[in-house]
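Take a look at the structure set out below.
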Amino acid sequence: MSLPVIAIVGRPNVGKSHLFNRIVGDASAIVSEEAGTTRDRHFGQADWAGHHFWLVDTGGLVEDSNEPMDVAIRNQVMQAIDEADLLMLVVDAKVGVHPSDARLVDILRHAKKPWVLVANKVDDPNSADFYDFYRLGVTDVYPVSAANGKGSGDLLDAVVAAIPETDEVPSAAVRIAVIGRPNVGKSSFVNKLLGEERLVVNDESGTTRDSIDAPMRYHDQEIIFVDTAGLRRQSKIDDGIEFYSALRTRRAIDSSDVCILMVDATEGLQNQDLKIATLAWEAGRGLIMVINKWDLYADKTDKSSAKFRKDAVEKVPYLGFVPFLFTSALTGQRVNKVLDMALEVQAQRTRRISTSQVNDALQEIIARLQPPQAAGREVKLNYATQVETSPPTFAFFGNHPELIPENYIRFIHNQLREKWGFTGSPMRIIMRSKRES
């Protein structure tokens, strides 16, 4: 990442995620009164006064705990500190100076990175007492309220003044959302692709709660992998944090270009897998089916992968247009193939066919099979054109579009697929009256 990186650190429940959302400008990080809600590093692009940078939200640092999750979060925070160009130490002005704040100051000084102290929860700077934080040995304390935005402008002025100068603006990255049920290996898969333990991996189902952005470059193309929380059946989503995790996963699908649906090979294709696939397909996203833990698949033969795919297509026919990849995040088997496949699916999804080619295809379709005729009415299709990409959308114009039956629209769809592929991408057919052209 060539843009400057700013990491937000602090002990649990001081409002780091709230401040992250305020600066990035959306609610992409889960905010809860429960301490320890944020478990992974969470990336987001932000800008202030023409300065672009990456902002990183981290989990709350608990220094004296040996609990496995606290240790994993602590490792993630220390890695974020190592990678950052500047750090924002967030403290709770309502609580005052906490012993953990002083220890965090020592960690930041030892890291020898520029940093600023942010006193959060100062809703009214004139009445709040945040001056006690100066005894931590800092030159400036920036009082803010992440809840209402007060003081955030002065804070960001100070931040952009301290980060390295750059004229670069964020490039058009391909966003790839890694989706699926809980505990199918999504975070392990992304870590294997990135070549580092960027995301917390734990045997506990549901370790990932936010949608986590992890940028990388591949063949001069910027890619942002979004590791999402596992989507359970709606009836099993009972606590508030998991509800918002599911909501953000759906939003991550909507904002992505390509979705990688991870399926646990040892459990087979579940109905919930198919529902998640349909969410991505109906949203117009590119789709790749990644069957993970293939090394553990029982009674595997050289025909097992073909049978797995055939059974899936019998359940959901559109999966016949979707590439399948059989992998193991544990061993790395075929994991790297997903990068080339994802970029190919994105290229198919953004592909544009010239109007002359579309009309030539229409004539071939009509020559092969005429539109069904209605009683007493002649039904004609006169011309067609591609009206959109992402996903490819074709409009067919005729005299009675309302009389074209669904089975003939499917026939057109399959003929266009046969001619141009659009592998991994939904494709939409719109029937329009000639008068609408």
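Following the order of the structure tokens, first chain is A, next is B, and so on, with residues numbered from 1 inside each chain and ligands from 1 in the order they appear.
The list of residues with at least one atom within 7 Å of region 249-259 of chain A, based on only C-alpha atoms and without residues fewer than 6 positions apart in the same chain, reads Val174, Arg175, Ile176, Ala177, Val178, Ile179, Ser211, Thr228, Ala229, Ala280, Ala283, Arg285, Gly286, Leu287, Ile288, Ala342 and Gln346 of chain A.
If you count only C-alpha atoms and ignore residues fewer than 2 places along the chain from region 69-83 of chain A, what sits within 6 Å of it is Arg39, Thr58, Gly59, Leu61 and Glu67 of chain A.
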Excluding same-chain residues fewer than 6 positions from Leu296 (chain A), what lies within 12 Å of it counting only C-alpha atoms, as a ChimeraX atom specification? /A:264-268,326-331,333
With all heavy atoms retained, could you export that selection as a compact mmCIF listing (two decimals), in the first residue's frame?
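selection_11.txt was written with the following content:
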# COMPACT_ATOMS: atom_id res chain seq x y z
N ASP A 264 -17.59 -25.56 2.87
CA ASP A 264 -16.83 -26.59 3.58
C ASP A 264 -17.07 -27.93 2.88
O ASP A 264 -18.17 -28.47 2.91
CB ASP A 264 -17.28 -26.66 5.04
CG ASP A 264 -16.41 -27.58 5.89
OD1 ASP A 264 -15.85 -28.55 5.34
OD2 ASP A 264 -16.30 -27.33 7.10
N ALA A 265 -16.03 -28.46 2.24
CA ALA A 265 -16.18 -29.71 1.48
C ALA A 265 -16.61 -30.86 2.37
O ALA A 265 -17.34 -31.76 1.94
CB ALA A 265 -14.86 -30.05 0.79
N THR A 266 -16.19 -30.85 3.64
CA THR A 266 -16.52 -31.97 4.53
C THR A 266 -17.99 -31.97 4.93
O THR A 266 -18.50 -33.00 5.37
CB THR A 266 -15.65 -31.92 5.80
OG1 THR A 266 -15.95 -30.73 6.55
CG2 THR A 266 -14.17 -31.91 5.44
N GLU A 267 -18.66 -30.83 4.78
CA GLU A 267 -20.07 -30.74 5.14
C GLU A 267 -20.97 -30.76 3.91
O GLU A 267 -22.20 -30.87 4.03
CB GLU A 267 -20.33 -29.46 5.94
CG GLU A 267 -19.60 -29.42 7.27
CD GLU A 267 -19.86 -28.15 8.04
OE1 GLU A 267 -20.60 -27.28 7.52
OE2 GLU A 267 -19.33 -28.00 9.15
N GLY A 268 -20.37 -30.65 2.73
CA GLY A 268 -21.17 -30.64 1.51
C GLY A 268 -21.87 -29.31 1.30
O GLY A 268 -21.79 -28.39 2.13
N PHE A 326 -11.53 -26.10 -6.20
CA PHE A 326 -11.45 -27.03 -5.07
C PHE A 326 -10.10 -26.84 -4.39
O PHE A 326 -9.05 -27.12 -4.97
CB PHE A 326 -11.66 -28.46 -5.55
CG PHE A 326 -13.02 -28.69 -6.15
CD1 PHE A 326 -13.27 -28.38 -7.48
CD2 PHE A 326 -14.06 -29.17 -5.37
CE1 PHE A 326 -14.53 -28.56 -8.03
CE2 PHE A 326 -15.33 -29.36 -5.92
CZ PHE A 326 -15.57 -29.05 -7.26
N THR A 327 -10.13 -26.31 -3.14
CA THR A 327 -8.91 -25.82 -2.50
C THR A 327 -8.75 -26.36 -1.08
O THR A 327 -9.66 -26.98 -0.51
CB THR A 327 -8.92 -24.28 -2.42
OG1 THR A 327 -9.90 -23.89 -1.44
CG2 THR A 327 -9.25 -23.64 -3.75
N SER A 328 -7.59 -26.04 -0.52
CA SER A 328 -7.34 -26.25 0.91
C SER A 328 -6.58 -25.03 1.42
O SER A 328 -5.42 -24.81 1.03
CB SER A 328 -6.52 -27.53 1.15
OG SER A 328 -6.07 -27.56 2.50
N ALA A 329 -7.22 -24.24 2.27
CA ALA A 329 -6.54 -23.09 2.86
C ALA A 329 -5.41 -23.54 3.78
O ALA A 329 -4.44 -22.82 3.99
CB ALA A 329 -7.53 -22.21 3.63
N LEU A 330 -5.53 -24.75 4.33
CA LEU A 330 -4.52 -25.27 5.24
C LEU A 330 -3.22 -25.59 4.49
O LEU A 330 -2.13 -25.20 4.91
CB LEU A 330 -5.04 -26.51 5.95
CG LEU A 330 -4.10 -27.16 6.97
CD1 LEU A 330 -3.84 -26.21 8.13
CD2 LEU A 330 -4.69 -28.47 7.47
N THR A 331 -3.33 -26.28 3.36
CA THR A 331 -2.13 -26.69 2.62
C THR A 331 -1.76 -25.70 1.51
O THR A 331 -0.66 -25.76 0.98
CB THR A 331 -2.35 -28.07 1.97
OG1 THR A 331 -3.37 -27.97 0.96
CG2 THR A 331 -2.78 -29.09 3.02
N GLN A 333 -3.37 -25.64 -1.36
CA GLN A 333 -3.70 -26.27 -2.64
C GLN A 333 -4.65 -25.40 -3.46
O GLN A 333 -5.76 -25.09 -3.04
CB GLN A 333 -4.33 -27.64 -2.38
CG GLN A 333 -4.71 -28.41 -3.63
CD GLN A 333 -5.45 -29.71 -3.31
OE1 GLN A 333 -6.06 -29.83 -2.24
NE2 GLN A 333 -5.39 -30.67 -4.20
Between CA of Pro426 (chain A) and CA of Pro372 (chain A), what is the spacing in Å? 25.2 Å
For Leu325 (chain A): contacts at 8 Å, only C-alpha atoms, fewer than 2 positions along chain excluded, given as a PyMOL selection string: chain A and resi 288-291+323+327+334+338
Residues near region 130-136 of chain A, cut-off 10 Å, only C-alpha atoms, skip fewer than 4 positions along chain, as a VMD selection string: chain A and resid 91 to 98 101 to 103 105 to 106 117 to 122 125 140 to 143
Calculated over only C-alpha atoms, which of the candidates A:Trp294, A:Asp311, A:Tyr218, A:Met262 has the smallest distance to Pro182 (chain A)? A:Met262
Near-region 144-147 of chain A list (9 Å; only C-alpha atoms; drop same-chain fewer than 5 positions) as an NGL selection string: :A and (15-23 or 118-125 or 152-155)
Within 10 Å of Asp157 (chain A), counting only C-alpha atoms, which residues show up once you throw out same-chain ones fewer than 5 positions away? Write them as a ChimeraX atom specification, please. /A:48-49,152,162
Could you write out that same residue set with N, CA, C and O atoms as a tab-separated table (two decimals), in the first residue's frame?
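Listed below is the output, out03.tsv:
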chain	number	residue	atom	x	y	z
A	48	TRP	N	-8.96	13.69	3.72
A	48	TRP	CA	-9.24	14.94	4.42
A	48	TRP	C	-8.45	16.04	3.74
A	48	TRP	O	-7.23	15.91	3.59
A	49	ALA	N	-9.15	17.06	3.30
A	49	ALA	CA	-8.52	18.23	2.67
A	49	ALA	C	-7.60	17.81	1.52
A	49	ALA	O	-6.51	18.35	1.35
A	152	SER	N	-13.37	16.78	15.41
A	152	SER	CA	-12.73	15.86	14.46
A	152	SER	C	-11.99	16.62	13.36
A	152	SER	O	-10.97	16.14	12.86
A	162	ALA	N	0.93	15.56	9.76
A	162	ALA	CA	2.01	14.71	10.27
A	162	ALA	C	2.31	13.51	9.38
A	162	ALA	O	3.35	12.88	9.53
Point-to-point distance in Å for CA of Ala277 (chain A) and CA of Phe189 (chain A):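 Result for CA of Phe189 (chain A) versus CA of Ala277 (chain A): 18.0 Å, one decimal.
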Can you tell me how far CA of Gly185 (chain A) sits from CA of Ala172 (chain A), in Å to one decimal? 27.7 Å
Could you tell me which of A:Asn407, A:Val387, A:Gly424, A:Gln357 comes closest to Glu344 (chain A) if we count only C-alpha atoms? A:Gly424
DSSP-assigned strand (DSSP E or B) among region 217-378 of chain A, expressed as a PDB file with C-alpha atoms, in the first residue's frame:
ATOM      1  CA  ARG A 217      -1.574  -5.829  -5.473  1.00  0.00           C
ATOM      2  CA  TYR A 218      -1.527  -8.552  -8.106  1.00  0.00           C
ATOM      3  CA  GLN A 221      -4.009  -4.482 -10.180  1.00  0.00           C
ATOM      4  CA  GLU A 222      -5.067  -3.342  -6.723  1.00  0.00           C
ATOM      5  CA  ILE A 223      -7.335  -5.887  -5.075  1.00  0.00           C
ATOM      6  CA  ILE A 224      -9.211  -5.455  -1.815  1.00  0.00           C
ATOM      7  CA  PHE A 225     -10.242  -8.700  -0.182  1.00  0.00           C
ATOM      8  CA  VAL A 226     -13.191  -8.321   2.166  1.00  0.00           C
ATOM      9  CA  ASP A 227     -13.329 -11.098   4.763  1.00  0.00           C
ATOM     10  CA  VAL A 258     -16.727 -10.339  -7.178  1.00  0.00           C
ATOM     11  CA  CYS A 259     -17.852 -12.684  -4.403  1.00  0.00           C
ATOM     12  CA  ILE A 260     -15.970 -15.828  -3.445  1.00  0.00           C
ATOM     13  CA  LEU A 261     -18.420 -18.199  -1.785  1.00  0.00           C
ATOM     14  CA  MET A 262     -16.508 -20.593   0.452  1.00  0.00           C
ATOM     15  CA  VAL A 263     -18.064 -23.988   1.097  1.00  0.00           C
ATOM     16  CA  ASP A 264     -16.835 -26.587   3.580  1.00  0.00           C
ATOM     17  CA  GLY A 286     -19.425 -11.897 -10.018  1.00  0.00           C
ATOM     18  CA  LEU A 287     -19.376 -15.276  -8.264  1.00  0.00           C
ATOM     19  CA  ILE A 288     -16.762 -17.989  -7.735  1.00  0.00           C
ATOM     20  CA  MET A 289     -17.497 -21.165  -5.779  1.00  0.00           C
ATOM     21  CA  VAL A 290     -14.489 -22.172  -3.669  1.00  0.00           C
ATOM     22  CA  ILE A 291     -14.850 -25.608  -2.105  1.00  0.00           C
ATOM     23  CA  ASN A 292     -12.451 -25.428   0.841  1.00  0.00           C
ATOM     24  CA  PHE A 324     -15.693 -23.935  -9.158  1.00  0.00           C
ATOM     25  CA  LEU A 325     -12.319 -24.165  -7.431  1.00  0.00           C
ATOM     26  CA  PHE A 326     -11.455 -27.028  -5.069  1.00  0.00           C
ATOM     27  CA  SER A 328      -7.338 -26.249   0.905  1.00  0.00           C
ATOM     28  CA  GLN A 333      -3.700 -26.269  -2.636  1.00  0.00           C
ATOM     29  CA  ALA A 374     -49.725 -14.920 -29.742  1.00  0.00           C
ATOM     30  CA  ARG A 377     -50.886 -10.989 -33.011  1.00  0.00           C
TER      31      ARG A 377
END
